[in-house]
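Comments concern the structure below.
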Amino acid sequence: MFRRLRLSPDVPTAAGAPSLPRIRPAALLWAPPGLWFWPALLACVLGGYHVGRPELWRDEIATWSAATRSPGELLDMLHNVDAVSGAYYFTMHYWIALFGDSPVSLRAPSVLAVTGAAALVALSTKKLFGGPAGLSAGLLFAMVPAVSRYAQEARSYALVVLAVTAATWFLLRALEESGRVWPWWCGYAVCVLLAGAFHLVAVAILAGHAGTVAVRLRRRTWKRALPGYCLAATAAAAGLLPIVLAGQRQASRQISWILTPKPIDLVHSLPSIFGTEDIERALLAAALVACLHRATRAASLQVVLLAVLPLLAVWFLSQGSSSYWTERYLLFTVPAWTMLAGAGIAALAGSAVRMRAGERVSDGKGEQVPDGNGVRASGGVRLAGTLLRRALCPALLIAVGVVVLPSQSSLRAVTAHDPRDLKGTAALLAADYRPGDAIVPPRGGASYLMLDLGVRYYLPRSDRLRDVFVRTDAVRLNDFFALECPVPADCLGSDPRVWVVAVGESPDPYADLSPAQAEALKSRYTPVRTSHAGGLTLTLLARGQ
């Protein structure tokens, strides 16, 4: 480990005692394993802090609904809907079998994913800009609000980011390795395949990687770089072809809600991709420093292409019949921006730049002498410069931390993911539940909210309520949504009590039901009481009163 640390000259010792090298404490921060450990630790802490507090929202409820089905039922569902998320659903199916389906358990894979991604961001940045830049980039990545937000989400986006950062690291290793490169290209192909399997839009990272390879070709290494990249990218794309074909058939239903982006959205979407405007400004300002600084300018070009080309690729693809332009689909581009920002902060602090051995500075007496990085200045100047370099980089990172603190705090609110209080509504129902009770959740225009599944998730598993107007449930229909009875009156049974869930706080408990459903309930039931819980209304109906 210590071979890579910068050592000071031998310290004078007593006679006969061996002289020992003195290790600079600051170097421990960006020397392996400190380089990746601190970003990983910060990402894990921020991702895991109150990870179970925000209530699950509809997309996470969809994950729970899909992943808790049997493998056969899940496969049948994927033939009908959401085939592009199949790899994630199967991953979560076996995860739930081992660790349960609590909110903490459902989100734990995402926390682990951003933890690994932070480490890989640090290692990848180190290869291009040096250790201090790697440490800064990894810490910046961990602090980005959007990273923490999706670390606490039971969806595939964090796993996509992990696969993309791993692919970038394998690519850099393959491009720089002087020996056998095929293991690195194989690892690269597997990571790209996983990224696309978890979310197809992430395949756009190939555009950024192609830009990185193109820059490297100027160094006359194309015989090693180009064939390996082309073979690995082609293999990954071929493996994803079945998912692409299935996704195309389902696209009109799955993502028809996404609007076609305009040219200005290439800029206006950045705050939502990062999480806040403040962190966007901070990252872009630091990235600009990296692009303009003489020592980091060449490597920055590769990372700029890595950050920008995937966005351009997704933007152009979104001009067709289907749009893919939404912030959570583009989360995988955040690591590249933090790599640039980390390089910029390290360059500002002066700790990422090694002065060339041939450079000289004045010692104040007209003579030029080398210092510890290739140049030795006078004692006072050198001490002041060292203190400045060691203090400025942490100060800049702390400043970014202060900027993101309010948004990091708001991410842990109970309603951070969804303003509707499903847990509170389920608690009200469970407090007065009786065997034989039935439920009528809102569907129709409110079906996309998946309130029926959400309330069922938060209810105790022993509380079983018949869904009054359901003719075929979602599992048998190989879907997320149940099929309702065409004639509601025919579905009324002998249920003594019915709980009606409505969106908002309307005094009319039947506001979200069709006229036929409302008339059927009114003909046999009478409202007993109404309760409200965070944007939802729960009304108890009793038969024959």
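Here, A, B, ... name the chains of the structure tokens in the order displayed, residue numbers run from 1 inside each chain, and ligands are numbered from 1 in the same displayed order.
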Determine, using only C-alpha atoms, which residues of range 34-117 of chain A have any atom at most 6 Å from an atom of range 405-422 of chain A, and tabulate each with its shortest atom pair and distance in Å to one decimal place, rows ordered by chain and then rising number, as a Markdown table.
| residue | atom | partner | partner_atom | distance |
| --- | --- | --- | --- | --- |
| A:Arg53 | CA | A:Val414 | CA | 5.5 |
| A:Pro54 | CA | A:Val414 | CA | 4.1 |
| A:Glu55 | CA | A:Val414 | CA | 5.7 |
| A:Trp57 | CA | A:Asp418 | CA | 5.4 |
Could you turn the residues from that selection into a file that holds N, CA and C atoms, as a PDB file, in the first residue's frame?
ATOM      1  N   ARG A  53     -37.823   5.830   5.872  1.00  0.00           N
ATOM      2  CA  ARG A  53     -38.803   6.833   6.286  1.00  0.00           C
ATOM      3  C   ARG A  53     -39.730   7.261   5.150  1.00  0.00           C
ATOM      4  N   PRO A  54     -39.235   7.662   3.970  1.00  0.00           N
ATOM      5  CA  PRO A  54     -40.178   8.047   2.907  1.00  0.00           C
ATOM      6  C   PRO A  54     -41.076   6.868   2.515  1.00  0.00           C
ATOM      7  N   GLU A  55     -42.347   7.152   2.345  1.00  0.00           N
ATOM      8  CA  GLU A  55     -43.260   6.086   1.950  1.00  0.00           C
ATOM      9  C   GLU A  55     -43.015   5.677   0.493  1.00  0.00           C
ATOM     10  N   TRP A  57     -43.670   5.000  -3.258  1.00  0.00           N
ATOM     11  CA  TRP A  57     -44.574   5.589  -4.237  1.00  0.00           C
ATOM     12  C   TRP A  57     -44.882   4.565  -5.317  1.00  0.00           C
TER      13      TRP A  57
END
Report as a PyMOL selection string all protein, DNA and RNA residues lying within 9 Å of Ala438 in chain A, evaluated on only C-alpha atoms, omitting residues in the same chain fewer than 3 positions from it. chain A and resi 435+464-468+495-500
What's around Leu159 in chain A at 10 Å? Count only C-alpha atoms, leave out sequence neighbours fewer than 5 positions away in its own chain, and write the answer as a ChimeraX atom specification. /A:88,109-114,116-117,150-151,164-165,194-195,198-199,332
Shell of 7 Å around Ser136 in chain A, only C-alpha atoms, local chain residues under 3 positions omitted, as a PyMOL selection string: chain A and resi 132-133+139-140+342+346
Let's have the selection written as a tab-separated table (two decimals), in the first residue's frame, with N, CA, C and O atoms.
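Dumped to result-v7.tsv:
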chain	number	residue	atom	x	y	z
A	132	PRO	N	-5.99	12.94	-5.60
A	132	PRO	CA	-6.83	13.98	-4.98
A	132	PRO	C	-8.10	14.25	-5.78
A	132	PRO	O	-9.16	14.46	-5.21
A	133	ALA	N	-7.99	14.25	-7.11
A	133	ALA	CA	-9.17	14.45	-7.95
A	133	ALA	C	-10.14	13.28	-7.79
A	133	ALA	O	-11.36	13.46	-7.76
A	139	LEU	N	-16.41	11.86	-3.48
A	139	LEU	CA	-17.18	12.55	-2.43
A	139	LEU	C	-18.27	13.42	-3.02
A	139	LEU	O	-19.40	13.48	-2.49
A	140	LEU	N	-17.98	14.10	-4.12
A	140	LEU	CA	-19.00	14.91	-4.78
A	140	LEU	C	-20.15	14.04	-5.28
A	140	LEU	O	-21.33	14.40	-5.12
A	342	GLY	N	-14.66	16.91	-9.73
A	342	GLY	CA	-13.60	16.52	-8.82
A	342	GLY	C	-12.24	16.95	-9.33
A	342	GLY	O	-11.39	17.43	-8.56
A	346	ALA	N	-9.75	19.67	-7.44
A	346	ALA	CA	-8.36	19.33	-7.15
A	346	ALA	C	-7.40	20.27	-7.84
A	346	ALA	O	-6.35	20.63	-7.30
Give me the residues within 8 Å of Glu280 in chain A as an MDAnalysis selection string, counting only C-alpha atoms and dropping any in the same chain fewer than 4 places off. chainID A and resid 270:271 274:276 284
Applying 7 Å and only C-alpha atoms, which residues near range 101-107 of chain A remain after dropping the ones on its own chain fewer than 2 positions away? List them as an mmCIF file with N, CA and C atoms, in the first residue's frame.
data_model
loop_
_atom_site.group_PDB
_atom_site.id
_atom_site.type_symbol
_atom_site.label_atom_id
_atom_site.label_comp_id
_atom_site.auth_asym_id
_atom_site.auth_seq_id
_atom_site.Cartn_x
_atom_site.Cartn_y
_atom_site.Cartn_z
ATOM 1 N N VAL A 51 -33.473 5.523 5.418
ATOM 2 C CA VAL A 51 -33.855 4.976 4.116
ATOM 3 C C VAL A 51 -35.293 4.458 4.122
ATOM 4 N N GLY A 52 -35.795 4.062 5.259
ATOM 5 C CA GLY A 52 -37.155 3.544 5.313
ATOM 6 C C GLY A 52 -38.213 4.568 5.637
ATOM 7 N N ILE A 96 -35.923 -10.348 -2.125
ATOM 8 C CA ILE A 96 -37.031 -10.370 -1.174
ATOM 9 C C ILE A 96 -37.156 -11.740 -0.522
ATOM 10 N N PHE A 99 -34.417 -11.453 2.180
ATOM 11 C CA PHE A 99 -34.382 -10.373 3.167
ATOM 12 C C PHE A 99 -35.742 -9.733 3.447
ATOM 13 N N PRO A 109 -30.740 -2.723 -1.962
ATOM 14 C CA PRO A 109 -29.877 -2.897 -3.141
ATOM 15 C C PRO A 109 -29.460 -1.580 -3.781
ATOM 16 N N SER A 110 -30.336 -0.591 -3.763
ATOM 17 C CA SER A 110 -29.982 0.706 -4.335
ATOM 18 C C SER A 110 -28.927 1.408 -3.490
ATOM 19 N N VAL A 111 -29.027 1.288 -2.171
ATOM 20 C CA VAL A 111 -28.002 1.876 -1.296
ATOM 21 C C VAL A 111 -26.648 1.237 -1.566
ATOM 22 N N GLN A 152 -32.431 5.696 -2.319
ATOM 23 C CA GLN A 152 -33.546 5.358 -1.446
ATOM 24 C C GLN A 152 -34.797 5.070 -2.265
ATOM 25 N N GLU A 153 -34.610 4.403 -3.376
ATOM 26 C CA GLU A 153 -35.733 4.066 -4.260
ATOM 27 C C GLU A 153 -35.631 2.614 -4.682
ATOM 28 N N ALA A 154 -36.722 1.900 -4.566
ATOM 29 C CA ALA A 154 -36.759 0.492 -4.972
ATOM 30 C C ALA A 154 -37.024 0.381 -6.462
#
Using DSSP on the backbone coordinates, identify all residues within range 78-201 of chain A classified as helix (DSSP H, G or I); present the result as a ChimeraX atom specification. /A:78,83-99,103-129,131-143,145-151,157-176,182-198,200-201
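For the pair CA of Tyr229 in chain A and CA of Ala210 in chain A, the separation is 8.0 Å.
Checking A:Trp257, A:Leu306, A:Asp76, A:Leu301 one by one against Leu171 in chain A, counting only C-alpha atoms, you find the shortest gap at A:Leu306.
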Can you pull out the residues contacting Arg328 in chain A? Cut-off 9 Å, using only C-alpha atoms, and skip same-chain residues under 5 positions away; I want them as a PyMOL selection string. chain A and resi 146+150+157+272-273
N, CA, C and O atoms of the current selection, written as a PDB file, in the first residue's frame:
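Written output follows (out-v1.pdb):
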ATOM      1  N   ALA A 146     -29.589  13.935  -6.153  1.00  0.00           N
ATOM      2  CA  ALA A 146     -30.259  12.925  -6.966  1.00  0.00           C
ATOM      3  C   ALA A 146     -29.706  11.531  -6.695  1.00  0.00           C
ATOM      4  O   ALA A 146     -30.440  10.533  -6.765  1.00  0.00           O
ATOM      5  N   TYR A 150     -32.181   8.451  -5.342  1.00  0.00           N
ATOM      6  CA  TYR A 150     -32.406   7.157  -5.986  1.00  0.00           C
ATOM      7  C   TYR A 150     -31.662   6.026  -5.290  1.00  0.00           C
ATOM      8  O   TYR A 150     -31.868   4.860  -5.624  1.00  0.00           O
ATOM      9  N   TYR A 157     -32.560   2.364 -11.010  1.00  0.00           N
ATOM     10  CA  TYR A 157     -31.692   3.449 -11.464  1.00  0.00           C
ATOM     11  C   TYR A 157     -30.328   3.440 -10.780  1.00  0.00           C
ATOM     12  O   TYR A 157     -29.307   3.726 -11.422  1.00  0.00           O
ATOM     13  N   SER A 272     -32.686  19.070 -12.676  1.00  0.00           N
ATOM     14  CA  SER A 272     -33.484  17.926 -12.224  1.00  0.00           C
ATOM     15  C   SER A 272     -32.674  16.642 -12.261  1.00  0.00           C
ATOM     16  O   SER A 272     -32.916  15.730 -11.467  1.00  0.00           O
ATOM     17  N   ILE A 273     -31.705  16.539 -13.165  1.00  0.00           N
ATOM     18  CA  ILE A 273     -30.848  15.360 -13.198  1.00  0.00           C
ATOM     19  C   ILE A 273     -29.969  15.309 -11.954  1.00  0.00           C
ATOM     20  O   ILE A 273     -29.778  14.247 -11.347  1.00  0.00           O
TER      21      ILE A 273
END
Rank A:Cys491, A:Leu477, A:Leu538, A:Ala97 by their smallest atom-to-atom distance to Asp432 in chain A, using only C-alpha atoms, and report the top residue only.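 Between A:Cys491, A:Leu477, A:Leu538, A:Ala97, the residue approaching Asp432 in chain A most closely is A:Leu538.
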Residue among A:Ser256, A:Leu311, A:Gly344, A:Ile439 lying closest to Gly130 in chain A, counting only C-alpha atoms: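 Counting only C-alpha atoms, the residue closest to Gly130 in chain A is A:Gly344.
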